[in-house]
Structure formats: structure tokens, C-alpha cells
>>> print(open('work.cif').read())   # mmCIF, C-alpha atoms and all ligand atoms
data_run
#
loop_
_atom_site.label_atom_id
_atom_site.label_comp_id
_atom_site.auth_asym_id
_atom_site.auth_seq_id
_atom_site.Cartn_x
_atom_site.Cartn_y
_atom_site.Cartn_z
CA MET A 862 0.00 0.00 0.00
CA ASP A 863 2.72 2.45 0.96
CA LEU A 864 4.61 1.77 -2.26
CA GLY A 865 1.53 2.02 -4.44
CA ILE A 866 1.89 -1.55 -5.71
CA VAL A 867 -1.58 -2.61 -4.55
CA ARG A 868 -4.03 -0.85 -6.87
CA ASP A 869 -7.36 -2.32 -5.93
CA VAL A 870 -9.14 -4.91 -3.83
CA VAL A 871 -12.36 -6.53 -5.00
CA ILE A 872 -14.37 -8.60 -2.53
CA GLU A 873 -17.32 -10.64 -3.75
CA ASP A 874 -18.93 -13.16 -1.36
CA ASP A 875 -16.03 -15.36 -0.26
CA LYS A 876 -13.83 -14.33 -3.20
CA ILE A 877 -11.10 -11.75 -2.88
CA GLU A 878 -9.13 -10.31 -5.75
CA ILE A 879 -6.08 -8.12 -5.27
CA ILE A 880 -4.89 -6.04 -8.20
CA ILE A 881 -1.19 -5.30 -8.12
CA THR A 882 1.20 -3.57 -10.52
CA PRO A 883 4.95 -4.15 -10.80
CA THR A 884 7.36 -1.32 -10.04
CA TYR A 885 9.75 -2.44 -12.81
CA SER A 886 9.11 -5.04 -15.53
CA GLY A 887 11.81 -7.30 -14.18
CA CYS A 888 11.31 -6.65 -10.47
CA PRO A 889 12.21 -9.97 -8.81
CA ALA A 890 10.33 -8.93 -5.66
CA MET A 891 6.95 -9.19 -7.38
CA ASP A 892 6.74 -12.96 -6.87
CA ALA A 893 7.62 -12.55 -3.20
CA ILE A 894 5.10 -9.74 -2.85
CA SER A 895 2.22 -11.78 -4.34
CA MET A 896 3.22 -14.74 -2.19
CA ASN A 897 3.18 -12.59 0.96
CA ILE A 898 -0.21 -11.14 0.04
CA ARG A 899 -1.56 -14.65 -0.45
CA LEU A 900 -0.15 -15.92 2.85
CA GLU A 901 -1.48 -12.87 4.70
CA LEU A 902 -4.97 -13.41 3.26
CA ILE A 903 -4.90 -17.11 4.08
CA SER A 904 -3.99 -16.27 7.68
CA HIS A 905 -7.09 -14.05 7.74
CA GLY A 906 -9.28 -16.91 6.64
CA TYR A 907 -9.60 -16.26 2.91
CA THR A 908 -9.31 -19.29 0.67
CA ASN A 909 -10.66 -18.07 -2.64
CA ILE A 910 -7.86 -15.67 -3.56
CA LYS A 911 -6.94 -14.21 -6.90
CA ILE A 912 -3.96 -11.94 -7.47
CA THR A 913 -3.97 -10.10 -10.76
CA SER A 914 -1.04 -8.13 -12.10
CA VAL A 915 -1.78 -5.19 -14.39
CA LEU A 916 0.73 -3.10 -16.34
CA SER A 917 -1.31 -0.04 -17.21
CA PRO A 918 -1.40 2.63 -15.92
CA ALA A 919 2.30 2.11 -15.32
CA TRP A 920 3.49 2.37 -11.74
CA THR A 921 4.98 5.68 -10.74
CA THR A 922 6.82 6.82 -7.62
CA GLU A 923 4.09 9.46 -7.28
CA TRP A 924 1.86 6.69 -5.89
CA MET A 925 4.18 6.23 -2.95
CA SER A 926 2.59 7.48 0.27
CA GLU A 927 4.23 9.94 2.66
CA THR A 928 4.38 7.14 5.25
CA GLY A 929 6.07 4.96 2.65
CA LYS A 930 8.65 7.62 1.94
CA GLU A 931 9.29 8.11 5.64
CA LYS A 932 9.80 4.36 6.08
CA LEU A 933 12.37 4.35 3.28
CA ARG A 934 14.22 7.28 4.85
CA THR A 935 14.29 5.56 8.24
CA TYR A 936 15.68 2.48 6.55
CA GLY A 937 18.48 4.56 5.00
CA ILE A 938 17.13 4.85 1.45
CA ALA A 939 16.56 8.34 0.09
CA PRO A 940 12.93 8.50 -1.12
CA PRO A 941 12.11 9.77 -4.61
CA ASN A 942 12.06 13.55 -4.98
CA ALA A 943 8.54 14.96 -4.94
CA ARG A 944 9.03 16.53 -8.32
CA GLN A 945 10.92 14.67 -10.95
CA GLN A 946 13.80 16.90 -12.00
CA PHE A 947 14.70 15.09 -15.17
CA CYS A 948 14.04 11.88 -16.94
CA ASN A 949 14.11 12.23 -20.65
CA ASP A 950 16.85 14.73 -21.16
CA VAL A 951 20.05 12.79 -21.54
CA PHE A 952 22.19 15.82 -20.82
CA ALA A 953 20.31 17.15 -17.81
CA ALA A 954 22.32 17.57 -14.63
CA ASP A 955 22.08 14.90 -11.95
CA GLU A 956 19.28 15.25 -9.46
CA THR A 957 19.94 16.81 -6.07
CA VAL A 958 19.20 14.16 -3.49
CA GLN A 959 19.16 14.61 0.26
CA CYS A 960 21.27 12.31 2.40
CA PRO A 961 18.91 10.12 4.47
CA LYS A 962 21.37 10.11 7.40
CA CYS A 963 22.34 13.76 7.89
CA ASN A 964 19.96 15.56 5.48
CA SER A 965 22.82 17.25 3.66
CA SER A 966 22.15 18.03 0.03
CA GLN A 967 25.87 17.85 -0.74
CA THR A 968 25.63 14.43 -2.34
CA SER A 969 26.87 12.95 -5.60
CA LYS A 970 25.66 10.18 -7.83
CA ILE A 971 28.00 7.23 -8.04
CA SER A 972 25.94 5.09 -10.39
CA GLU A 973 22.60 5.26 -12.20
CA PHE A 974 21.82 1.75 -10.94
CA GLY A 975 22.09 0.73 -7.29
CA SER A 976 21.50 -2.59 -5.56
CA THR A 977 18.25 -3.00 -7.55
CA ALA A 978 16.93 -1.47 -10.76
CA CYS A 979 14.61 0.91 -8.90
CA LYS A 980 17.46 2.63 -7.07
CA SER A 981 20.61 4.53 -7.93
CA LEU A 982 23.71 4.81 -5.83
CA TYR A 983 24.70 8.07 -4.16
CA GLN A 984 27.24 9.18 -1.61
CA CYS A 985 27.00 11.99 0.90
CA ARG A 986 29.94 14.43 0.71
CA ASP A 987 29.35 15.60 4.27
CA CYS A 988 28.94 12.43 6.32
CA LEU A 989 30.44 10.21 3.58
CA GLU A 990 27.55 7.73 3.90
CA PRO A 991 26.95 5.80 0.67
CA PHE A 992 23.20 5.35 0.16
CA ASP A 993 20.55 4.17 -2.26
CA TYR A 994 18.19 6.69 -3.84
CA PHE A 995 14.79 5.43 -4.93
CA LYS A 996 14.67 6.88 -8.47
CA CYS A 997 11.72 8.85 -9.67
CA HIS A 998 9.84 6.74 -12.15
CA MET B 270 1.89 -17.24 -38.48
CA ASN B 271 -0.62 -14.64 -37.36
CA PRO B 272 1.19 -11.26 -37.70
CA LEU B 273 0.23 -10.04 -34.23
CA LEU B 274 1.72 -13.17 -32.69
CA ALA B 275 4.86 -12.85 -34.83
CA TYR B 276 5.23 -9.17 -33.90
CA THR B 277 4.82 -9.90 -30.19
CA LEU B 278 7.40 -12.69 -30.39
CA PHE B 279 9.77 -10.38 -32.29
CA LEU B 280 9.46 -7.82 -29.47
CA GLY B 281 9.98 -10.51 -26.83
CA ASP B 282 12.91 -12.16 -28.63
CA SER B 283 14.71 -8.84 -29.08
CA THR B 284 14.60 -8.12 -25.37
CA LEU B 285 15.30 -11.69 -24.20
CA ILE B 286 18.38 -12.15 -26.37
CA LEU B 287 19.89 -8.79 -25.43
CA SER B 288 19.15 -9.51 -21.79
CA GLN B 289 21.00 -12.82 -22.05
CA ARG B 290 23.99 -11.18 -23.73
CA ASN B 291 24.23 -8.44 -21.12
CA SER B 292 23.87 -10.92 -18.27
CA GLU B 293 27.16 -12.49 -19.40
CA TRP B 294 28.79 -9.50 -17.69
CA CYS B 295 27.51 -10.59 -14.29
CA GLY B 296 30.64 -10.86 -12.16
CA HIS B 297 32.85 -9.59 -15.01
CA GLY B 298 31.98 -5.87 -15.22
CA PRO B 299 34.87 -3.39 -15.28
CA ILE B 300 33.97 -2.14 -11.79
CA LEU B 301 31.37 -3.27 -9.29
CA GLU B 302 28.93 -0.37 -9.86
CA GLN B 303 28.89 -0.93 -13.61
CA ASP B 304 28.63 -4.69 -13.24
CA ILE B 305 25.48 -3.97 -11.24
CA ALA B 306 24.24 -1.45 -13.79
CA ILE B 307 24.51 -3.74 -16.81
CA THR B 308 22.90 -6.65 -14.97
CA ASN B 309 20.06 -4.40 -13.82
CA ILE B 310 19.49 -3.42 -17.44
CA SER B 311 19.51 -7.13 -18.23
CA LEU B 312 16.84 -7.65 -15.63
CA ASP B 313 14.66 -4.85 -17.04
CA LEU B 314 14.95 -6.42 -20.50
CA LEU B 315 14.14 -9.85 -19.14
CA GLY B 316 11.03 -8.47 -17.44
CA GLN B 317 9.96 -6.87 -20.72
CA ALA B 318 10.54 -10.18 -22.53
CA ARG B 319 8.40 -12.01 -19.96
CA ASN B 320 5.55 -9.57 -20.52
CA PHE B 321 5.73 -9.95 -24.29
CA TYR B 322 5.96 -13.75 -24.06
CA THR B 323 3.05 -14.00 -21.64
CA TYR B 324 0.96 -12.05 -24.12
CA ALA B 325 2.25 -14.14 -27.06
CA ALA B 326 1.37 -17.33 -25.17
CA SER B 327 -2.18 -16.08 -24.67
CA LEU B 328 -2.44 -15.25 -28.37
CA LYS B 329 -1.24 -18.74 -29.27
CA GLY B 330 -3.73 -20.23 -26.85
CA ASP B 331 -2.35 -23.75 -27.26
CA GLY B 332 -0.97 -24.20 -23.77
CA SER B 333 2.27 -22.35 -24.58
CA THR B 334 3.76 -20.40 -21.69
CA GLU B 335 6.37 -17.68 -21.40
CA ASP B 336 8.82 -20.45 -20.52
CA SER B 337 8.03 -22.71 -23.46
CA LEU B 338 8.42 -19.76 -25.81
CA ALA B 339 11.82 -18.84 -24.38
CA TYR B 340 13.21 -22.32 -23.87
CA MET B 341 11.66 -24.62 -26.46
CA ARG B 342 11.85 -22.75 -29.74
CA THR B 343 14.70 -23.25 -32.19
CA GLU B 344 16.95 -20.65 -33.78
CA ARG B 345 14.88 -20.22 -36.91
CA GLU B 346 11.83 -19.43 -34.79
CA PHE B 347 13.52 -16.48 -33.08
CA MET B 348 12.83 -13.13 -34.72
CA ASN B 349 15.22 -10.80 -32.93
CA PRO B 350 17.30 -8.44 -35.06
CA LEU B 351 20.90 -9.62 -35.51
CA ILE B 352 22.42 -6.78 -33.49
CA VAL B 353 21.22 -8.19 -30.15
CA GLU B 354 22.63 -11.68 -30.68
CA LEU B 355 26.21 -10.68 -31.59
CA GLU B 356 28.87 -11.64 -29.06
CA ARG B 357 29.27 -9.14 -26.29
CA GLY B 358 32.87 -8.28 -27.19
CA ASP B 359 34.59 -5.74 -24.95
CA TRP B 360 32.91 -3.14 -22.75
CA ALA B 361 32.88 -0.56 -25.56
CA ARG B 362 31.00 -2.89 -27.86
CA THR B 363 28.51 -3.84 -25.15
CA ILE B 364 27.91 -0.15 -24.38
CA LEU B 365 27.51 0.85 -28.00
CA ARG B 366 25.08 -1.97 -28.76
CA GLN B 367 22.97 -1.03 -25.72
CA PHE B 368 23.09 2.61 -26.78
CA PHE B 369 21.98 1.89 -30.37
CA PHE B 370 19.25 -0.46 -29.17
CA SER B 371 17.92 1.72 -26.33
CA GLN B 372 17.72 4.74 -28.62
CA TYR B 373 15.66 2.60 -31.01
CA GLN B 374 13.48 1.10 -28.25
CA GLN B 375 12.74 4.54 -26.85
CA LEU B 376 11.34 5.78 -30.17
CA LEU B 377 9.52 2.49 -30.79
CA PHE B 378 7.79 2.37 -27.39
CA GLU B 379 6.89 6.06 -27.50
CA GLN B 380 4.71 5.23 -30.51
CA LEU B 381 3.61 1.74 -29.51
CA LYS B 382 2.16 2.97 -26.21
CA ASP B 383 -0.48 4.94 -28.11
CA LEU B 384 -1.45 2.23 -30.59
CA PRO B 385 -4.75 0.32 -30.27
CA ASP B 386 -3.53 -3.10 -29.06
CA GLU B 387 -4.07 -2.62 -25.33
CA GLN B 388 -1.62 -5.21 -24.10
CA LEU B 389 1.25 -4.10 -26.36
CA ALA B 390 0.51 -0.49 -25.43
CA ALA B 391 0.60 -1.32 -21.71
CA ILE B 392 3.93 -3.16 -22.00
CA ALA B 393 5.38 -0.29 -24.04
CA GLU B 394 4.19 2.31 -21.53
CA LYS B 395 5.69 0.31 -18.67
CA SER B 396 8.99 -0.44 -20.43
CA LEU B 397 9.53 3.09 -21.65
CA LYS B 398 10.27 4.35 -18.16
CA GLU B 399 13.04 1.79 -17.86
CA VAL B 400 14.37 2.44 -21.35
CA ASN B 401 14.74 6.16 -20.57
CA TYR B 402 17.27 5.23 -17.91
CA HIS B 403 19.05 2.85 -20.28
CA VAL B 404 19.37 5.63 -22.84
CA ARG B 405 20.79 7.96 -20.25
CA TRP B 406 23.24 5.45 -18.84
CA SER B 407 24.52 4.22 -22.21
CA SER B 408 24.79 7.78 -23.59
CA GLU B 409 26.96 8.79 -20.65
CA TRP B 410 29.20 5.83 -21.35
CA VAL B 411 29.46 6.54 -25.08
CA ILE B 412 30.61 10.08 -24.20
CA ARG B 413 33.03 8.81 -21.55
CA LEU B 414 34.60 6.31 -23.95
CA GLY B 415 34.60 8.53 -27.05
CA ASP B 416 35.92 11.60 -25.27
CA GLY B 417 38.12 9.61 -22.91
CA THR B 418 41.58 8.17 -23.49
CA LYS B 419 43.26 7.17 -26.71
CA GLU B 420 42.56 3.53 -25.87
CA SER B 421 38.87 4.04 -25.05
CA LYS B 422 38.35 6.09 -28.20
CA GLN B 423 40.00 3.44 -30.32
CA ARG B 424 37.82 0.74 -28.78
CA ILE B 425 34.52 2.54 -29.26
CA THR B 426 35.53 3.48 -32.81
CA THR B 427 36.16 -0.20 -33.54
CA ALA B 428 32.77 -1.02 -32.03
CA ILE B 429 31.06 1.54 -34.29
CA PHE B 430 32.79 -0.03 -37.28
CA GLU B 431 31.66 -3.52 -36.23
CA LEU B 432 28.08 -2.74 -35.20
CA TYR B 433 26.86 0.02 -37.46
CA SER B 434 26.00 -2.28 -40.35
CA TYR B 435 23.59 -4.13 -38.02
CA THR B 436 21.48 -1.05 -37.24
CA GLY B 437 19.73 -0.89 -40.61
CA GLU B 438 17.62 -3.95 -39.88
CA LEU B 439 15.95 -2.19 -36.94
CA PHE B 440 14.26 0.22 -39.33
CA GLU B 441 13.41 -2.13 -42.13
CA PRO B 442 9.90 -3.56 -41.68
CA ALA B 443 9.62 -7.36 -41.56
CA SER B 444 6.60 -9.01 -43.22
CA TYR B 445 4.59 -9.07 -39.95
CA GLU B 446 5.33 -5.37 -39.38
CA VAL B 447 4.16 -4.51 -42.88
CA ALA B 448 0.92 -6.45 -42.30
CA LEU B 449 0.23 -4.78 -38.95
CA VAL B 450 1.22 -1.27 -39.99
CA ALA B 451 -1.52 -1.51 -42.62
CA THR B 452 -4.09 -1.93 -39.84
CA GLY B 453 -2.42 0.54 -37.47
CA VAL B 454 -1.42 -2.07 -34.88
CA ALA B 455 2.36 -1.92 -35.26
CA VAL B 456 4.85 0.92 -35.44
CA ASP B 457 6.31 1.43 -38.90
CA PRO B 458 10.01 1.17 -38.00
CA SER B 459 11.12 3.10 -41.08
CA THR B 460 9.55 6.22 -39.59
CA LEU B 461 11.91 6.02 -36.61
CA LYS B 462 15.16 6.11 -38.51
CA GLU B 463 15.62 9.82 -39.00
CA GLU B 464 15.03 10.71 -35.37
CA TRP B 465 17.24 7.83 -34.27
CA MET B 466 20.09 9.18 -36.38
CA GLU B 467 19.60 12.64 -34.91
CA ASN B 468 19.59 11.36 -31.33
CA VAL B 469 22.65 9.20 -31.92
CA LYS B 470 24.44 12.08 -33.57
CA LYS B 471 23.74 14.40 -30.62
CA VAL B 472 25.53 12.01 -28.28
CA PHE B 473 28.28 11.24 -30.79
CA ASP B 474 28.99 14.97 -31.15
CA ARG B 475 29.54 15.21 -27.41
CA ALA B 476 31.66 12.10 -27.56
CA THR B 477 33.74 13.50 -30.45
CA LEU B 478 32.72 10.46 -32.50
CA GLU B 479 31.40 10.32 -36.03
CA LEU B 480 28.62 8.37 -37.65
CA PRO B 481 29.95 6.23 -40.48
CA GLU B 482 29.01 6.88 -44.07
CA PRO B 483 25.99 4.86 -45.24
CA ILE B 484 27.18 1.31 -45.83
CA PHE B 485 25.79 -2.11 -46.69
CA MET B 486 23.38 -3.20 -43.97
CA GLN B 487 23.13 -6.76 -42.62
CA LYS B 488 19.69 -8.23 -42.10
CA GLY B 489 17.79 -11.48 -41.65
CA GLY B 490 17.23 -11.89 -37.92
CA LYS B 491 13.74 -10.40 -37.93
CA GLN B 492 12.73 -13.15 -40.39
CA GLY B 493 14.50 -15.94 -38.50
CA ILE B 494 17.77 -16.01 -40.43
CA HIS B 495 20.54 -15.65 -37.87
CA THR B 496 24.29 -15.56 -37.40
CA GLU B 497 25.88 -18.66 -35.88
CA GLN B 498 26.27 -16.72 -32.64
CA LEU B 499 22.61 -17.12 -31.76
CA GLY B 500 22.98 -20.91 -31.73
CA PHE B 501 25.68 -20.77 -29.07
CA LEU B 502 23.62 -18.34 -27.02
CA LEU B 503 20.50 -20.53 -27.15
CA ALA B 504 22.52 -23.64 -26.32
CA GLU B 505 23.42 -22.02 -23.02
CA LEU B 506 20.07 -20.33 -22.40
CA GLN B 507 17.99 -23.44 -23.12
CA TYR B 508 20.33 -26.11 -21.79
CA LEU B 509 18.49 -26.98 -18.60
CA GLN B 510 15.03 -27.22 -20.16
CA ARG B 511 16.37 -29.26 -23.07
CA VAL B 512 18.11 -31.76 -20.82
CA TYR B 513 15.47 -31.84 -18.09
CA PRO B 514 12.24 -30.81 -19.84
CA GLY B 515 9.69 -29.22 -17.54
CA SER B 516 11.99 -29.02 -14.53
CA GLU B 517 11.11 -26.30 -12.03
CA TRP B 518 12.82 -24.49 -9.17
ZN ZN A 1001 25.08 12.62 4.97
#
>>> encode(input="work.cif", output="C-alpha cells")
Amino acid sequence: MDLGIVRDVVIEDDKIEIIITPTYSGCPAMDAISMNIRLELISHGYTNIKITSVLSPAWTTEWMSETGKEKLRTYGIAPPNARQQFCNDVFAADETVQCPKCNSSQTSKISEFGSTACKSLYQCRDCLEPFDYFKCH
Amino acid sequence: MNPLLAYTLFLGDSTLILSQRNSEWCGHGPILEQDIAITNISLDLLGQARNFYTYAASLKGDGSTEDSLAYMRTEREFMNPLIVELERGDWARTILRQFFFSQYQQLLFEQLKDLPDEQLAAIAEKSLKEVNYHVRWSSEWVIRLGDGTKESKQRITTAIFELYSYTGELFEPASYEVALVATGVAVDPSTLKEEWMENVKKVFDRATLELPEPIFMQKGGKQGIHTEQLGFLLAELQYLQRVYPGSEW
């Protein structure tokens, strides 16, 4: 919910359908996420469960809730900037990203791709902390 | 074969084969961050392939699955353009191939997302966001290599010489594209060429590189006629399912 992956829930008699959308086409967490949803529903007594994945409208970081962003920050991942500063312009400057540890904006991008496709790798020039930035998407 | 099915397979094959080639860098990238970057791009492409194959399987409606389409078809049934199957070569060649292909994919998906086939449009819309990052990343690398050292410039220049003749096929419609363009379902790839050249040239200018003069263009892949390199790639990709059919994790 906080990430905006769950798009809808349809309950009809004893049937429950959860509509989810992947963050990235190849996101390997999607299988784990549907599995967890299924297990959670089973533990709440549902047996007739359907999980449907839809691609359109395409997931965007704008669907991430404020709570979700705060959770990322607490975990040490810089949440996506509220306003996307670039995306299509190849020659645009790198985005300014705040360090999730010390809040400094003196940070630099190390790599466009971090530990997963949805993040890029930054380092803080003040506290030297290397951190993941959840890219705007 | 029904043109819509052929077109969907062509889109899936192009992304699967490039994904497989890029994944060969896993553990071999020049530095850790770039090893991670190229394998993440691989993963994006694999996810796109899975979406195209899942749709193709539903169009076939004969019990085919994304897995059977990836693992149980032979070389001649693959419709990817030749450029994605060529050996990865050195880093410069890998970068340049990704750059040429991402620039093409960006223009292709920008049009496909507005065409009437809902499933293809949805996959294109989804993939485009990923492709924008691939374009950015590969462009930065083309500039870094072209405007870098004598060695890096020589390597990327060699890569341009080796790969450029494989770009023509991207813009030449295959029979299934011709059939679908007539009904407005597929993008006419020949309409992408001019903008592709402009976009490539913009980055090449920054990289102090030059586009070659028009030369003879290789083709065949989009109609199932491949280089021998695809056979070796499929042998590795399909090995497990060929030896242990139907095995699962
Ligand atoms: Zn800091």
C-alpha cells in the first residue's frame, strides 16, 4: 500500500481479488510480494484468492505514500524527490538528493543503478555515507 | 503465423536475447557499480521479454507459456534483429550496442504505447520508463569512452565499425510489421530512422565520434535467419530445459 503496488481490492462473497502492478518489468520482488499477500490473506481466513497483475497505468513513484517515503528514509534509502527533476533529457544535470542520514544536500551520484533497478547509488559528501536513492519513475 | 503473434514474439525475442547477452557480464563488469548497472538493465529487459511472451502465449492459446516460448523454440523461430545476438565483445562494444538499441526502443515504445492493441501499449508504456534510464546510462558511457583516453576512443571506434551495419535492420519492416502497420497495430520502423540518427548524432557529437558513411546493412534476424552466434547463445540459455524438460525451481 505504501509503495503504491496494490491498486485495488475486490471482494465478492467469499472471493477476494487483489490487483497489483509491478514497479519495474523485471522486479524480482513481485513474486515474493504476491506470495506474501496470499499468505497474509490465508492467515485471515480467505481461501478463494486471486492476485492479478496489471501493467497499465504504469506504476509511478508518485503513488508512494508519505508514510512509505518516511519508512524508506528511516531504513536509509533516500525516497524519490517529490518533483521529478529530469528523466528524458540525456544531458540534464544529476538530481539533487538529500542524504537520508544527515539531510545534507551535498551528495553525488555514483551510479545510475544501485542494488536494484529501482534505485541509484549516491554518496554523501558531508557524512560520507553511501546510500541508495529510490529513483523517480 | 498470425502477424500479431509474430510481432509480439519479435518484441519478446529482441529483449530476451539482449538480456541474455548483457547478463554475461555478471561478475565480469569493469567495476562493481557498472557490473550492477549492466545486470540491472539485463533484468529490465528480461522483465519486458516475460511480458511480451506471456501475451504471445495467450495469443497462441495452445498451452504455450512464457517459458516454453523462451526455452523450447529453435533458432529459426527467433525473430530478434541480428544486433542483439552478436557476441558481447569488450565493454565498448557492449555499451555501443545497448546505446543503439535503447535509442531505437525509446522511439519504438513512445509510438507503440499509443497504438490500439491494449496489451502491447501497456507493456510499451511500462517499459519506456526503464528504457529512458538505459538511454541515459549508455549515452553517458558513449561520451566517456569517445571523449576519454586514446585507448577508449580506439575501442569505441572499432565497435562503431563492427556494429553500425547491423542497425539498418531495426528500421526495415519485416513481413509481420508490414501487415500490422496496414491496420495501425504496429509501429512502422522506417519512420523512426531519421530521429534515431539525430539522437545518436547528438551524443556522438559530445563524444567526439562520427557516424559512419551509409554502408551495406546486414539483415535477416527479424525473419528468422541468424548468425551462428545465436545458436551458441540458445545452447546455453535453453540447456536446462532441453536436458530436463519441464523441470522447475
Ligand atoms: Zn550525509
>>> closest_residue(input="work.cif", among="A:Gly865, A:Gln967, A:Cys988, A:Ser917", to="chain B", atoms="only C-alpha atoms")
A:Ser917
>>> interface_residues(input="work.cif", of="chain A", to="chain B", cutoff="9 Å", atoms="all atoms listed in the file", output="ChimeraX atom specification")
/A:884-889,915-920,948-952,971-978,982,998
>>> residues_near_ligand(input="work.cif", ligand="ligand ZN 1001 (chain A)", cutoff="10 Å", atoms="all atoms listed in the file", output="number ranges by chain")
A: 959-968, 984-992
>>> closest_residue(input="work.cif", among="B:Gly437, B:Pro385, B:Pro481, B:Gly490", to="Ser283 (chain B)", atoms="all atoms listed in the file")
B:Gly490
>>> atom_distance(input="work.cif", atom1="CA of Glu293 (chain B)", atom2="CA of Leu509 (chain B)")
16.9 Å
>>> atom_distance(input="work.cif", atom1="CA of Asp386 (chain B)", atom2="CA of Leu280 (chain B)")
13.8 Å
>>> build_atoms(input="work.cif", residues="region 424-449 of chain B", atoms="N, CA and C atoms", output="PDB file, in the frame of the given file")
ATOM      1  N   ARG B 424      38.714   1.877 -28.971  1.00  0.00           N
ATOM      2  CA  ARG B 424      37.820   0.740 -28.780  1.00  0.00           C
ATOM      3  C   ARG B 424      36.388   1.050 -29.217  1.00  0.00           C
ATOM      4  N   ILE B 425      35.907   2.232 -28.870  1.00  0.00           N
ATOM      5  CA  ILE B 425      34.520   2.540 -29.260  1.00  0.00           C
ATOM      6  C   ILE B 425      34.441   2.779 -30.767  1.00  0.00           C
ATOM      7  N   THR B 426      35.518   3.289 -31.353  1.00  0.00           N
ATOM      8  CA  THR B 426      35.530   3.480 -32.810  1.00  0.00           C
ATOM      9  C   THR B 426      35.476   2.116 -33.514  1.00  0.00           C
ATOM     10  N   THR B 427      36.209   1.159 -32.989  1.00  0.00           N
ATOM     11  CA  THR B 427      36.160  -0.200 -33.540  1.00  0.00           C
ATOM     12  C   THR B 427      34.740  -0.757 -33.407  1.00  0.00           C
ATOM     13  N   ALA B 428      34.123  -0.524 -32.257  1.00  0.00           N
ATOM     14  CA  ALA B 428      32.770  -1.020 -32.030  1.00  0.00           C
ATOM     15  C   ALA B 428      31.783  -0.406 -33.031  1.00  0.00           C
ATOM     16  N   ILE B 429      31.947   0.886 -33.307  1.00  0.00           N
ATOM     17  CA  ILE B 429      31.060   1.540 -34.290  1.00  0.00           C
ATOM     18  C   ILE B 429      31.238   0.855 -35.643  1.00  0.00           C
ATOM     19  N   PHE B 430      32.478   0.624 -36.005  1.00  0.00           N
ATOM     20  CA  PHE B 430      32.790  -0.030 -37.280  1.00  0.00           C
ATOM     21  C   PHE B 430      32.147  -1.423 -37.343  1.00  0.00           C
ATOM     22  N   GLU B 431      32.197  -2.155 -36.231  1.00  0.00           N
ATOM     23  CA  GLU B 431      31.660  -3.520 -36.230  1.00  0.00           C
ATOM     24  C   GLU B 431      30.137  -3.587 -36.150  1.00  0.00           C
ATOM     25  N   LEU B 432      29.526  -2.627 -35.473  1.00  0.00           N
ATOM     26  CA  LEU B 432      28.080  -2.740 -35.200  1.00  0.00           C
ATOM     27  C   LEU B 432      27.184  -1.931 -36.133  1.00  0.00           C
ATOM     28  N   TYR B 433      27.744  -0.894 -36.727  1.00  0.00           N
ATOM     29  CA  TYR B 433      26.860   0.020 -37.460  1.00  0.00           C
ATOM     30  C   TYR B 433      26.071  -0.676 -38.558  1.00  0.00           C
ATOM     31  N   SER B 434      26.689  -1.629 -39.231  1.00  0.00           N
ATOM     32  CA  SER B 434      26.000  -2.280 -40.350  1.00  0.00           C
ATOM     33  C   SER B 434      24.839  -3.176 -39.865  1.00  0.00           C
ATOM     34  N   TYR B 435      24.713  -3.351 -38.552  1.00  0.00           N
ATOM     35  CA  TYR B 435      23.590  -4.130 -38.020  1.00  0.00           C
ATOM     36  C   TYR B 435      22.427  -3.241 -37.565  1.00  0.00           C
ATOM     37  N   THR B 436      22.565  -1.923 -37.718  1.00  0.00           N
ATOM     38  CA  THR B 436      21.480  -1.050 -37.240  1.00  0.00           C
ATOM     39  C   THR B 436      20.375  -0.891 -38.291  1.00  0.00           C
ATOM     40  N   GLY B 437      20.707  -1.117 -39.552  1.00  0.00           N
ATOM     41  CA  GLY B 437      19.730  -0.890 -40.610  1.00  0.00           C
ATOM     42  C   GLY B 437      18.491  -1.761 -40.464  1.00  0.00           C
ATOM     43  N   GLU B 438      18.712  -2.989 -40.000  1.00  0.00           N
ATOM     44  CA  GLU B 438      17.620  -3.950 -39.880  1.00  0.00           C
ATOM     45  C   GLU B 438      16.521  -3.466 -38.917  1.00  0.00           C
ATOM     46  N   LEU B 439      16.934  -2.680 -37.921  1.00  0.00           N
ATOM     47  CA  LEU B 439      15.950  -2.190 -36.940  1.00  0.00           C
ATOM     48  C   LEU B 439      14.847  -1.382 -37.613  1.00  0.00           C
ATOM     49  N   PHE B 440      15.209  -0.710 -38.697  1.00  0.00           N
ATOM     50  CA  PHE B 440      14.260   0.220 -39.330  1.00  0.00           C
ATOM     51  C   PHE B 440      13.635  -0.307 -40.603  1.00  0.00           C
ATOM     52  N   GLU B 441      13.976  -1.545 -40.922  1.00  0.00           N
ATOM     53  CA  GLU B 441      13.410  -2.130 -42.130  1.00  0.00           C
ATOM     54  C   GLU B 441      12.272  -3.063 -41.737  1.00  0.00           C
ATOM     55  N   PRO B 442      11.034  -2.766 -42.152  1.00  0.00           N
ATOM     56  CA  PRO B 442       9.900  -3.560 -41.680  1.00  0.00           C
ATOM     57  C   PRO B 442       9.984  -5.030 -42.140  1.00  0.00           C
ATOM     58  N   ALA B 443       9.728  -5.946 -41.211  1.00  0.00           N
ATOM     59  CA  ALA B 443       9.620  -7.360 -41.560  1.00  0.00           C
ATOM     60  C   ALA B 443       8.193  -7.589 -42.062  1.00  0.00           C
ATOM     61  N   SER B 444       7.923  -8.763 -42.633  1.00  0.00           N
ATOM     62  CA  SER B 444       6.600  -9.010 -43.220  1.00  0.00           C
ATOM     63  C   SER B 444       5.458  -8.778 -42.219  1.00  0.00           C
ATOM     64  N   TYR B 445       5.663  -9.235 -40.954  1.00  0.00           N
ATOM     65  CA  TYR B 445       4.590  -9.070 -39.950  1.00  0.00           C
ATOM     66  C   TYR B 445       4.403  -7.590 -39.591  1.00  0.00           C
ATOM     67  N   GLU B 446       5.481  -6.808 -39.651  1.00  0.00           N
ATOM     68  CA  GLU B 446       5.330  -5.370 -39.380  1.00  0.00           C
ATOM     69  C   GLU B 446       4.542  -4.702 -40.505  1.00  0.00           C
ATOM     70  N   VAL B 447       4.877  -5.066 -41.733  1.00  0.00           N
ATOM     71  CA  VAL B 447       4.160  -4.510 -42.880  1.00  0.00           C
ATOM     72  C   VAL B 447       2.663  -4.792 -42.742  1.00  0.00           C
ATOM     73  N   ALA B 448       2.330  -6.063 -42.423  1.00  0.00           N
ATOM     74  CA  ALA B 448       0.920  -6.450 -42.300  1.00  0.00           C
ATOM     75  C   ALA B 448       0.208  -5.660 -41.211  1.00  0.00           C
ATOM     76  N   LEU B 449       0.881  -5.456 -40.078  1.00  0.00           N
ATOM     77  CA  LEU B 449       0.230  -4.780 -38.950  1.00  0.00           C
ATOM     78  C   LEU B 449       0.210  -3.259 -39.094  1.00  0.00           C
TER      79      LEU B 449
END
